[in-house]
$ cat my_file_20.csv   # CSV, C-alpha atoms
chain,number,residue,atom,x,y,z
A,95,MET,CA,-89.8,90.1,-85.1
A,96,LEU,CA,-93.1,91.4,-83.7
A,97,TYR,CA,-95.4,88.6,-82.7
A,98,THR,CA,-98.7,88.4,-81.0
A,99,LEU,CA,-99.2,85.6,-78.6
A,100,SER,CA,-102.0,83.1,-79.1
A,101,LEU,CA,-105.2,83.7,-77.1
A,102,ARG,CA,-104.3,80.9,-74.8
A,103,LYS,CA,-100.8,82.3,-74.0
A,104,VAL,CA,-102.1,85.9,-73.8
A,105,ALA,CA,-104.6,84.8,-71.2
A,106,LYS,CA,-101.7,83.1,-69.3
A,107,TYR,CA,-99.6,86.2,-69.3
A,108,ARG,CA,-102.5,88.3,-68.2
A,109,ALA,CA,-103.1,86.0,-65.3
A,110,ASP,CA,-99.4,86.1,-64.3
A,111,MET,CA,-99.4,89.9,-64.4
A,112,ASN,CA,-102.5,90.0,-62.2
A,113,GLN,CA,-100.9,87.7,-59.6
A,114,THR,CA,-97.6,89.5,-59.3
A,115,THR,CA,-96.6,92.9,-58.0
A,116,THR,CA,-94.6,93.8,-61.1
A,117,THR,CA,-95.1,93.7,-64.8
A,118,GLN,CA,-91.7,93.0,-66.3
A,119,PRO,CA,-90.9,94.7,-69.6
A,120,LEU,CA,-87.9,92.5,-70.5
A,121,ARG,CA,-87.0,88.8,-70.3
A,122,TRP,CA,-83.7,87.1,-71.4
A,123,GLU,CA,-84.6,83.7,-72.9
A,124,ASP,CA,-82.5,81.4,-75.0
A,125,SER,CA,-80.1,84.1,-76.0
A,126,LYS,CA,-82.9,86.3,-77.1
A,127,LEU,CA,-84.5,89.4,-75.6
A,128,VAL,CA,-88.2,89.3,-75.2
A,129,ILE,CA,-89.6,92.8,-74.9
A,130,LEU,CA,-93.1,93.7,-73.8
A,131,ASP,CA,-94.3,96.2,-76.5
A,132,GLN,CA,-95.5,99.1,-74.3
A,133,ARG,CA,-97.0,100.9,-77.3
A,134,ARG,CA,-99.8,98.3,-77.3
A,135,LEU,CA,-100.7,98.6,-73.7
A,136,PRO,CA,-103.2,98.5,-72.1
A,137,GLY,CA,-105.3,97.2,-75.0
A,138,ALA,CA,-103.1,94.3,-76.0
A,139,ILE,CA,-100.2,92.3,-74.6
A,140,GLU,CA,-97.7,91.8,-77.3
A,141,PHE,CA,-94.1,90.9,-77.4
A,142,ILE,CA,-91.1,91.6,-79.6
A,143,GLU,CA,-88.5,88.8,-79.7
A,144,ALA,CA,-85.2,90.4,-80.5
A,145,SER,CA,-82.3,88.3,-81.7
A,146,ASP,CA,-80.3,91.2,-83.1
A,147,TYR,CA,-79.0,94.4,-81.6
A,148,LEU,CA,-80.6,96.5,-84.3
A,149,GLN,CA,-84.0,95.2,-83.3
A,150,VAL,CA,-83.2,96.3,-79.7
A,151,ALA,CA,-82.1,99.7,-81.0
A,152,ASP,CA,-85.4,100.1,-82.8
A,153,ALA,CA,-87.4,99.0,-79.8
A,154,ILE,CA,-85.7,101.6,-77.6
A,155,LYS,CA,-86.0,104.4,-80.2
A,156,GLU,CA,-89.7,103.6,-80.9
A,157,MET,CA,-90.4,103.3,-77.1
A,158,CYS,CA,-91.5,99.7,-77.2
A,159,VAL,CA,-89.3,99.6,-74.1
A,160,ARG,CA,-89.0,102.9,-72.2
A,161,GLY,CA,-88.1,104.3,-68.8
A,162,ALA,CA,-84.4,105.0,-68.0
A,163,PRO,CA,-83.6,101.9,-66.0
A,164,ALA,CA,-85.3,99.6,-68.4
A,165,ILE,CA,-83.6,101.3,-71.4
A,166,GLY,CA,-80.3,100.6,-69.7
A,167,VAL,CA,-81.0,97.0,-69.2
A,168,ALA,CA,-82.3,96.6,-72.8
A,169,GLY,CA,-79.2,98.4,-74.1
A,170,ALA,CA,-76.9,96.0,-72.2
A,171,TYR,CA,-78.7,92.9,-73.7
A,172,GLY,CA,-78.7,94.6,-77.1
A,173,ALA,CA,-74.9,94.9,-77.0
A,174,VAL,CA,-74.7,91.2,-76.0
A,175,LEU,CA,-76.9,90.2,-79.0
A,176,GLY,CA,-74.7,92.1,-81.3
A,177,ALA,CA,-71.6,90.6,-79.8
A,178,LEU,CA,-72.8,87.1,-80.0
A,179,LYS,CA,-73.1,87.4,-83.8
A,180,VAL,CA,-69.6,88.8,-84.3
A,181,GLN,CA,-67.6,86.0,-86.1
A,182,THR,CA,-64.0,87.1,-85.7
A,183,GLN,CA,-61.8,85.4,-83.2
A,184,ASP,CA,-59.3,88.3,-83.1
A,185,ARG,CA,-59.7,90.1,-79.8
A,186,GLU,CA,-59.0,93.6,-81.0
A,187,ALA,CA,-61.2,93.3,-84.1
A,188,PHE,CA,-64.0,92.0,-81.9
A,189,LEU,CA,-63.7,94.9,-79.5
A,190,ARG,CA,-63.8,97.4,-82.4
A,191,GLN,CA,-67.0,95.8,-83.6
A,192,LEU,CA,-68.4,95.8,-80.1
A,193,ARG,CA,-67.7,99.6,-80.0
A,194,ASN,CA,-69.7,100.1,-83.2
A,195,ILE,CA,-72.6,98.2,-81.7
A,196,VAL,CA,-72.5,100.3,-78.5
A,197,ASP,CA,-72.3,103.5,-80.5
A,198,THR,CA,-75.5,102.5,-82.4
A,199,LEU,CA,-77.3,101.8,-79.2
A,200,LEU,CA,-76.2,105.0,-77.5
A,201,ARG,CA,-77.7,107.1,-80.2
A,202,THR,CA,-81.2,105.8,-79.7
A,203,ARG,CA,-82.3,107.8,-76.6
A,204,PRO,CA,-79.8,110.6,-75.6
A,205,THR,CA,-81.4,111.9,-72.4
A,206,ALA,CA,-81.6,108.7,-70.3
A,207,VAL,CA,-78.1,108.3,-68.8
A,208,ASN,CA,-78.8,104.7,-67.6
A,209,LEU,CA,-78.2,103.6,-71.2
A,210,ARG,CA,-74.7,105.0,-71.3
A,211,TRP,CA,-74.0,103.7,-67.8
A,212,ALA,CA,-75.0,100.1,-68.7
A,213,LEU,CA,-73.2,100.1,-72.0
A,214,GLU,CA,-70.0,101.4,-70.4
A,215,ARG,CA,-70.2,98.5,-68.0
A,216,ILE,CA,-70.5,96.1,-70.9
A,217,GLU,CA,-67.4,97.6,-72.5
A,218,LEU,CA,-65.5,97.3,-69.2
A,219,ALA,CA,-66.5,93.7,-68.8
A,220,ALA,CA,-65.3,93.0,-72.4
A,221,GLU,CA,-61.9,94.5,-71.6
A,222,ARG,CA,-61.4,91.9,-68.9
A,223,GLY,CA,-61.7,89.0,-71.4
A,224,SER,CA,-58.6,87.5,-72.9
A,225,ASP,CA,-60.2,85.9,-75.9
A,226,VAL,CA,-63.4,86.3,-77.9
A,227,SER,CA,-65.3,83.4,-76.4
A,228,GLY,CA,-64.4,84.5,-72.9
A,229,ILE,CA,-65.5,88.1,-73.6
A,230,LYS,CA,-68.9,86.9,-74.9
A,231,ALA,CA,-69.5,85.0,-71.7
A,232,LEU,CA,-68.3,87.9,-69.5
A,233,ILE,CA,-70.6,90.5,-71.2
A,234,THR,CA,-73.6,88.1,-71.1
A,235,GLU,CA,-73.2,87.7,-67.4
A,236,GLU,CA,-72.6,91.4,-66.9
A,237,ALA,CA,-76.0,92.2,-68.7
A,238,LYS,CA,-77.8,89.7,-66.4
A,239,LYS,CA,-76.1,91.3,-63.4
A,240,ILE,CA,-77.2,94.8,-64.5
A,241,HIS,CA,-80.7,93.4,-64.9
A,242,ARG,CA,-80.7,92.0,-61.4
A,243,GLU,CA,-79.1,95.1,-59.8
A,244,GLU,CA,-81.6,97.5,-61.3
A,245,ALA,CA,-84.5,95.3,-60.0
A,246,ASP,CA,-82.9,95.1,-56.5
A,247,ALA,CA,-82.3,98.8,-56.5
A,248,THR,CA,-86.0,99.6,-56.9
A,249,ASP,CA,-86.8,97.4,-54.0
A,250,ARG,CA,-84.4,99.3,-51.7
A,251,LEU,CA,-85.4,102.7,-53.1
A,252,SER,CA,-89.1,101.9,-52.5
A,253,GLU,CA,-88.6,101.2,-48.9
A,254,TYR,CA,-86.6,104.4,-48.4
A,255,GLY,CA,-89.3,106.4,-50.1
A,256,ALA,CA,-92.2,104.8,-48.2
A,257,ASP,CA,-90.7,106.1,-45.0
A,258,LEU,CA,-91.4,109.7,-46.3
A,259,ILE,CA,-95.1,109.1,-46.8
A,260,ALA,CA,-97.5,109.9,-44.0
A,261,GLY,CA,-100.7,107.8,-43.6
A,262,CYS,CA,-103.8,108.3,-45.8
A,263,ALA,CA,-101.9,110.2,-48.4
A,264,THR,CA,-103.0,111.3,-51.8
A,265,ILE,CA,-100.0,111.3,-54.2
A,266,MET,CA,-99.7,112.8,-57.6
A,267,THR,CA,-97.4,111.4,-60.2
A,268,HIS,CA,-96.4,112.3,-63.8
A,269,CYS,CA,-95.6,109.9,-66.7
A,270,ASN,CA,-94.8,106.2,-65.8
A,271,ALA,CA,-92.1,105.2,-63.3
A,272,GLY,CA,-93.4,101.8,-62.5
A,273,ALA,CA,-92.4,98.2,-63.1
A,274,LEU,CA,-92.8,98.8,-66.9
A,275,ALA,CA,-90.0,101.4,-66.7
A,276,THR,CA,-87.6,99.8,-64.4
A,277,CYS,CA,-87.4,95.9,-64.6
A,278,GLY,CA,-88.2,96.0,-60.9
A,279,CYS,CA,-91.1,97.2,-58.7
A,280,GLY,CA,-90.7,100.8,-60.0
A,281,THR,CA,-89.2,104.0,-58.8
A,282,ALA,CA,-92.0,106.5,-58.1
A,283,LEU,CA,-94.6,103.7,-58.3
A,284,GLY,CA,-92.3,101.4,-56.3
A,285,VAL,CA,-92.5,104.0,-53.5
A,286,ILE,CA,-96.3,104.1,-53.9
A,287,ARG,CA,-96.6,100.3,-53.8
A,288,ALA,CA,-94.4,100.1,-50.7
A,289,ALA,CA,-96.5,102.8,-49.0
A,290,ALA,CA,-99.7,101.1,-50.0
A,291,ARG,CA,-98.6,97.9,-48.4
A,292,GLN,CA,-98.1,99.9,-45.2
A,293,GLY,CA,-101.7,101.3,-45.5
A,294,LYS,CA,-100.5,104.8,-46.2
A,295,ILE,CA,-102.1,105.5,-49.6
A,296,GLU,CA,-105.6,106.8,-50.0
A,297,ARG,CA,-105.4,107.4,-53.8
A,298,VAL,CA,-103.0,108.3,-56.6
A,299,ILE,CA,-103.7,111.2,-59.0
A,300,VAL,CA,-102.1,110.4,-62.4
A,301,ASP,CA,-101.4,113.0,-65.1
A,302,GLU,CA,-102.3,111.7,-68.5
A,303,THR,CA,-98.8,112.7,-69.8
A,304,ARG,CA,-99.2,114.0,-73.3
A,305,PRO,CA,-98.3,113.4,-76.0
A,306,LEU,CA,-97.9,109.6,-75.7
A,307,PHE,CA,-100.2,109.2,-72.6
A,308,GLN,CA,-97.8,107.1,-70.5
A,309,GLY,CA,-99.8,108.1,-67.4
A,310,ALA,CA,-103.2,107.2,-68.8
A,311,ARG,CA,-102.0,104.0,-70.6
A,312,LEU,CA,-99.4,102.7,-68.3
A,313,THR,CA,-99.4,104.2,-64.8
A,314,ALA,CA,-103.1,104.0,-64.4
A,315,TRP,CA,-103.1,100.4,-65.7
A,316,GLU,CA,-100.3,99.4,-63.3
A,317,LEU,CA,-102.0,100.9,-60.3
A,318,LYS,CA,-105.3,99.2,-61.3
A,319,GLN,CA,-103.5,95.9,-61.5
A,320,GLU,CA,-102.2,96.5,-57.9
A,321,GLY,CA,-105.7,97.5,-56.6
A,322,ILE,CA,-104.4,101.0,-55.6
A,323,PRO,CA,-107.1,103.6,-56.1
A,324,VAL,CA,-106.2,105.8,-59.0
A,325,THR,CA,-107.7,109.0,-60.5
A,326,LEU,CA,-106.7,110.1,-64.0
A,327,ILE,CA,-106.6,113.8,-64.8
A,328,VAL,CA,-105.5,115.8,-67.9
A,329,ASP,CA,-102.1,117.4,-67.5
A,330,SER,CA,-103.4,120.9,-67.3
A,331,ALA,CA,-105.5,120.0,-64.2
A,332,ALA,CA,-102.5,119.4,-62.0
A,333,GLY,CA,-102.6,123.0,-60.6
A,334,HIS,CA,-106.3,122.7,-59.8
A,335,PHE,CA,-105.7,119.7,-57.5
A,336,LEU,CA,-102.5,121.1,-56.0
A,337,SER,CA,-104.0,124.5,-55.2
A,338,ARG,CA,-107.0,123.0,-53.4
A,339,GLY,CA,-105.0,121.0,-50.9
A,340,LEU,CA,-106.0,117.7,-52.5
A,341,VAL,CA,-102.4,116.4,-52.9
A,342,ASN,CA,-100.1,115.5,-50.0
A,343,CYS,CA,-97.0,115.0,-52.2
A,344,VAL,CA,-95.8,114.5,-55.7
A,345,ILE,CA,-93.5,111.7,-56.6
A,346,VAL,CA,-91.9,111.3,-60.1
A,347,GLY,CA,-89.1,109.3,-61.7
A,348,ALA,CA,-86.1,110.6,-63.5
A,349,ASP,CA,-84.1,110.0,-66.7
A,350,ARG,CA,-81.0,111.9,-65.6
A,351,ILE,CA,-80.0,113.8,-62.5
A,352,ALA,CA,-77.2,116.3,-62.6
A,353,ALA,CA,-74.7,116.8,-59.8
A,354,ASN,CA,-76.6,119.8,-58.4
A,355,GLY,CA,-79.9,117.8,-58.3
A,356,ASP,CA,-81.4,119.3,-61.5
A,357,THR,CA,-83.5,116.5,-62.9
A,358,ALA,CA,-84.6,115.6,-66.4
A,359,ASN,CA,-87.9,113.8,-66.6
A,360,LYS,CA,-90.8,113.5,-69.0
A,361,ILE,CA,-92.0,116.8,-70.5
A,362,GLY,CA,-94.4,118.5,-68.1
A,363,THR,CA,-92.6,117.5,-64.9
A,364,TYR,CA,-91.1,121.0,-64.5
A,365,SER,CA,-94.6,122.5,-64.6
A,366,VAL,CA,-95.9,120.1,-61.9
A,367,ALA,CA,-92.8,120.8,-59.7
A,368,ASP,CA,-93.3,124.6,-60.0
A,369,LEU,CA,-97.0,124.2,-59.1
A,370,ALA,CA,-96.2,122.0,-56.2
A,371,SER,CA,-93.7,124.5,-54.9
A,372,GLU,CA,-96.2,127.4,-55.3
A,373,ASN,CA,-98.7,125.5,-53.2
A,374,GLY,CA,-96.3,124.1,-50.5
A,375,VAL,CA,-96.6,120.5,-51.6
A,376,PRO,CA,-93.4,118.3,-51.2
A,377,PHE,CA,-92.0,117.2,-54.6
A,378,TYR,CA,-89.9,114.0,-54.6
A,379,VAL,CA,-87.8,112.4,-57.3
A,380,ALA,CA,-87.2,108.7,-57.1
A,381,ALA,CA,-84.4,107.1,-59.1
A,382,PRO,CA,-81.5,104.6,-58.7
A,383,VAL,CA,-78.0,106.0,-58.5
A,384,SER,CA,-77.5,104.7,-62.1
A,385,THR,CA,-79.6,107.7,-63.1
A,386,VAL,CA,-77.3,110.2,-61.4
A,387,ASP,CA,-74.7,111.8,-63.7
A,388,LEU,CA,-72.1,113.6,-61.6
A,389,SER,CA,-70.2,114.5,-64.7
A,390,LEU,CA,-72.8,117.2,-65.4
A,391,SER,CA,-72.7,120.2,-63.0
A,392,SER,CA,-76.3,121.3,-63.8
A,393,GLY,CA,-79.4,120.4,-65.8
A,394,ASP,CA,-78.4,122.9,-68.5
A,395,GLN,CA,-75.9,120.3,-69.8
A,396,ILE,CA,-78.5,117.5,-70.1
A,397,PRO,CA,-79.3,116.7,-73.7
A,398,ILE,CA,-83.0,116.8,-74.5
A,399,GLU,CA,-84.4,114.4,-77.0
A,400,GLU,CA,-86.6,115.9,-79.7
A,401,ARG,CA,-89.2,113.5,-81.0
A,402,ARG,CA,-91.3,113.3,-84.1
A,403,PRO,CA,-94.0,116.0,-84.7
A,404,GLU,CA,-96.6,113.3,-85.5
A,405,GLU,CA,-96.7,112.5,-81.8
A,406,VAL,CA,-98.2,116.0,-81.2
A,407,THR,CA,-100.3,116.6,-84.3
A,408,GLY,CA,-102.5,113.5,-83.8
A,409,ILE,CA,-103.1,110.2,-82.2
A,410,GLY,CA,-102.4,107.1,-84.2
A,411,SER,CA,-103.5,107.6,-87.7
A,412,THR,CA,-105.9,110.4,-86.7
A,413,ARG,CA,-104.6,113.9,-87.3
A,414,PHE,CA,-106.3,116.8,-85.4
A,415,ALA,CA,-103.8,119.6,-85.9
A,416,ALA,CA,-103.8,122.0,-88.9
A,417,THR,CA,-101.4,121.0,-91.7
A,418,GLY,CA,-98.4,123.2,-92.5
A,419,ILE,CA,-97.7,124.3,-89.0
A,420,GLN,CA,-94.4,124.0,-87.1
A,421,VAL,CA,-94.2,121.6,-84.2
A,422,ALA,CA,-91.8,121.3,-81.3
A,423,ASN,CA,-91.8,118.0,-79.4
A,424,PRO,CA,-89.2,117.8,-76.6
A,425,ALA,CA,-89.5,114.5,-74.8
A,426,PHE,CA,-88.2,115.9,-71.5
A,427,ASP,CA,-87.8,119.0,-69.5
A,428,VAL,CA,-85.5,119.8,-66.6
A,429,THR,CA,-86.8,120.5,-63.1
A,430,PRO,CA,-84.4,122.8,-61.2
A,431,SER,CA,-83.2,121.4,-57.9
A,432,ARG,CA,-84.7,124.2,-55.9
A,433,TYR,CA,-88.1,122.7,-56.5
A,434,ILE,CA,-87.1,119.2,-55.3
A,435,THR,CA,-87.7,118.4,-51.7
A,436,ALA,CA,-85.6,115.2,-51.7
A,437,ILE,CA,-84.2,112.6,-54.2
A,438,ILE,CA,-84.9,109.0,-53.2
A,439,THR,CA,-82.2,106.6,-54.3
A,440,ASP,CA,-81.4,103.0,-53.7
A,441,ARG,CA,-78.6,104.1,-51.4
A,442,GLY,CA,-80.7,106.5,-49.3
A,443,VAL,CA,-82.5,109.8,-49.5
A,444,ALA,CA,-80.5,112.9,-50.7
A,445,ARG,CA,-81.6,116.4,-49.6
A,446,PRO,CA,-80.2,119.8,-50.4
A,447,PRO,CA,-77.5,120.8,-51.0
A,448,TYR,CA,-77.5,118.0,-53.6
A,449,GLN,CA,-73.9,118.7,-54.7
A,450,VAL,CA,-72.9,117.3,-51.3
A,451,SER,CA,-75.6,114.7,-50.6
A,452,LEU,CA,-75.6,113.0,-54.0
A,453,SER,CA,-71.8,112.9,-54.2
A,454,ARG,CA,-71.7,111.3,-50.7
A,455,LEU,CA,-74.3,108.7,-51.7
A,456,ILE,CA,-72.4,107.7,-54.8
A,457,LYS,CA,-68.8,108.1,-53.9
A,458,GLY,CA,-69.4,106.7,-50.4
A,459,HIS,CA,-70.4,103.4,-52.0
A,460,ALA,CA,-67.7,103.4,-54.8
$ encode --input "my_file_20.csv" --output "structure tokens"
Amino acid sequence: MLYTLSLRKVAKYRADMNQTTTTQPLRWEDSKLVILDQRRLPGAIEFIEASDYLQVADAIKEMCVRGAPAIGVAGAYGAVLGALKVQTQDREAFLRQLRNIVDTLLRTRPTAVNLRWALERIELAAERGSDVSGIKALITEEAKKIHREEADATDRLSEYGADLIAGCATIMTHCNAGALATCGCGTALGVIRAAARQGKIERVIVDETRPLFQGARLTAWELKQEGIPVTLIVDSAAGHFLSRGLVNCVIVGADRIAANGDTANKIGTYSVADLASENGVPFYVAAPVSTVDLSLSSGDQIPIEERRPEEVTGIGSTRFAATGIQVANPAFDVTPSRYITAIITDRGVARPPYQVSLSRLIKGHA
């Protein structure tokens, strides 16, 4: 159910958001998932109150909630919502229904691996229960644990990343990898926030991030809330700023990182990485280890989501493209690891060769 808060409550939420360092996309309240509808930002603050897993699936698919870590958390809570409504007391029948719920949620966004990671944890928690009521309690606690862990991971990641930033830096970023995407302080924006607290940030250059303008609508808004100087540019201007020595480093988030360091992120990231490499600008990827997929040897194996052509042919109800044309709208591209200076995780900073460093970070903490 989509609902708009009263003017009084909207004002309260705006005040809260201005006073805190994070703008949280998800809240678990009274066995319901309250989702900040990111499609409405920055013009309006509206929430979706989900009491059913199909509502959560729709919210993920329609990008009301977005960003790989936040998608994983939302998926975990979605599985809980579905499970809480299962009526059978037969354990095996319950687990079969839970599997169907998980399968539905998995199909919503195929690229972000955090969704699969979180749902697999829910299923493992369910297997530990001896009866249906016990299973429901276990998976509810597991979803809350995933939520807490992802938030804590961004705090640790941000401090590791801030150590890489020299003073008075101008940083470029693409898409949105802030609190809105992570349920914590952010990945790329978390690093920027931590560096800003240390007095290291001069300004942040933000790509608009077509076609859904996550940079213009979300990243610029988050940075403005934080009082961090931000300059918005069109995507095609990135090379201009990089080539003129106006950027000290690029930091982006990730939706999936293969074992060799190849990284899937919002479409256009590959272009920025290539331009950064051409101009000798360090290019960093910031992501929790839940985004690393060691089962894939390279980025060639990462599934790329194809989204609706209407996202490209117009904005809202306004169409500006000619009718009758073909449209391709991949949501992500893959940046080869050779363009990535380092991968900043919540367990430390990985550097080439990534087959070795990423494996050590993950398996060393198993």
$ atom_distance --input "my_file_20.csv" --atom1 "atom CA of Pro323 of chain A" --atom2 "atom CA of Tyr254 of chain A"
21.9 Å
$ residues_around --input "my_file_20.csv" --residues "Ala245 of chain A" --least-positions-apart "4" --cutoff "12 Å" --atoms "all atoms listed in the file" --output "PyMOL selection string"
chain A and resi 116-120+163-164+166-167+238-241+249-252+272-281+284+381-382+384+440
$ closest_residue --input "my_file_20.csv" --among "A:Ser392, A:Gln132, A:Ser125, A:Thr248" --to "Arg311 of chain A" --atoms "all atoms listed in the file"
A:Gln132
$ residues_around --input "my_file_20.csv" --residues "Glu405 of chain A" --least-positions-apart "5" --cutoff "12 Å" --atoms "only C-alpha atoms" --output "ChimeraX atom specification"
/A:156,304-307,400,410-415,421-425
$ write_last_selection --input "my_file_20.csv" --atoms "C-alpha atoms" --output "tab-separated table (two decimals), in the coordinates of the input"
chain	number	residue	atom	x	y	z
A	156	GLU	CA	-89.70	103.60	-80.90
A	304	ARG	CA	-99.20	114.00	-73.30
A	305	PRO	CA	-98.30	113.40	-76.00
A	306	LEU	CA	-97.90	109.60	-75.70
A	307	PHE	CA	-100.20	109.20	-72.60
A	400	GLU	CA	-86.60	115.90	-79.70
A	410	GLY	CA	-102.40	107.10	-84.20
A	411	SER	CA	-103.50	107.60	-87.70
A	412	THR	CA	-105.90	110.40	-86.70
A	413	ARG	CA	-104.60	113.90	-87.30
A	414	PHE	CA	-106.30	116.80	-85.40
A	415	ALA	CA	-103.80	119.60	-85.90
A	421	VAL	CA	-94.20	121.60	-84.20
A	422	ALA	CA	-91.80	121.30	-81.30
A	423	ASN	CA	-91.80	118.00	-79.40
A	424	PRO	CA	-89.20	117.80	-76.60
A	425	ALA	CA	-89.50	114.50	-74.80
$ atom_distance --input "my_file_20.csv" --atom1 "atom CA of Val346 of chain A" --atom2 "atom CA of Thr264 of chain A"
13.9 Å
$ closest_residue --input "my_file_20.csv" --among "A:Gln183, A:Asn359, A:Thr313, A:Ser227" --to "Ala162 of chain A" --atoms "only C-alpha atoms"
A:Asn359
$ closest_residue --input "my_file_20.csv" --among "A:Ile419, A:Ala332, A:Val150, A:Leu388" --to "Arg454 of chain A" --atoms "all atoms listed in the file"
A:Leu388
$ atom_distance --input "my_file_20.csv" --atom1 "atom CA of Ala436 of chain A" --atom2 "atom CA of Tyr378 of chain A"
5.3 Å
$ residues_around --input "my_file_20.csv" --residues "Glu399 of chain A" --least-positions-apart "4" --cutoff "10 Å" --atoms "only C-alpha atoms" --output "list in words"
Thr202, Arg203, Pro204, Thr205, Ala206, Asn423, Pro424, Ala425, Phe426 and Asp427 of chain A
$ closest_residue --input "my_file_20.csv" --among "A:Arg185, A:Arg133, A:Arg297, A:Arg401" --to "Thr325 of chain A" --atoms "all atoms listed in the file"
A:Arg297
$ residues_around --input "my_file_20.csv" --residues "Glu253 of chain A" --least-positions-apart "5" --cutoff "10 Å" --atoms "all atoms listed in the file" --output "list of chain:residue names"
A:Thr248, A:Leu258, A:Gly284, A:Val285, A:Ile286, A:Arg287, A:Ala288, A:Ala289, A:Ile438, A:Thr439, A:Asp440, A:Gly442
$ closest_residue --input "my_file_20.csv" --among "A:Gly362, A:Pro447, A:Gly172, A:Gly408" --to "Asp146 of chain A" --atoms "all atoms listed in the file"
A:Gly172
$ residues_near_point --input "my_file_20.csv" --point "(-81.7, 117.4, -64.0)" --cutoff "7 Å" --atoms "all atoms listed in the file" --output "list in words"
Arg350, Ile351, Ala352, Gly355, Asp356, Thr357, Ala358, Ser392, Gly393, Ile396, Val428, Thr429 and Pro430 of chain A
$ closest_residue --input "my_file_20.csv" --among "A:Ala153, A:Ala353, A:Asp184, A:Glu404" --to "Ser224 of chain A" --atoms "all atoms listed in the file"
A:Asp184
$ residues_around --input "my_file_20.csv" --residues "Glu214 of chain A" --least-positions-apart "6" --cutoff "10 Å" --atoms "all atoms listed in the file" --output "PyMOL selection string"
chain A and resi 170+196+208+220
$ residues_near_point --input "my_file_20.csv" --point "(-84.2, 88.5, -84.0)" --cutoff "12 Å" --atoms "all atoms listed in the file" --output "PyMOL selection string"
chain A and resi 95-97+124-129+142-153+172+175-176+179
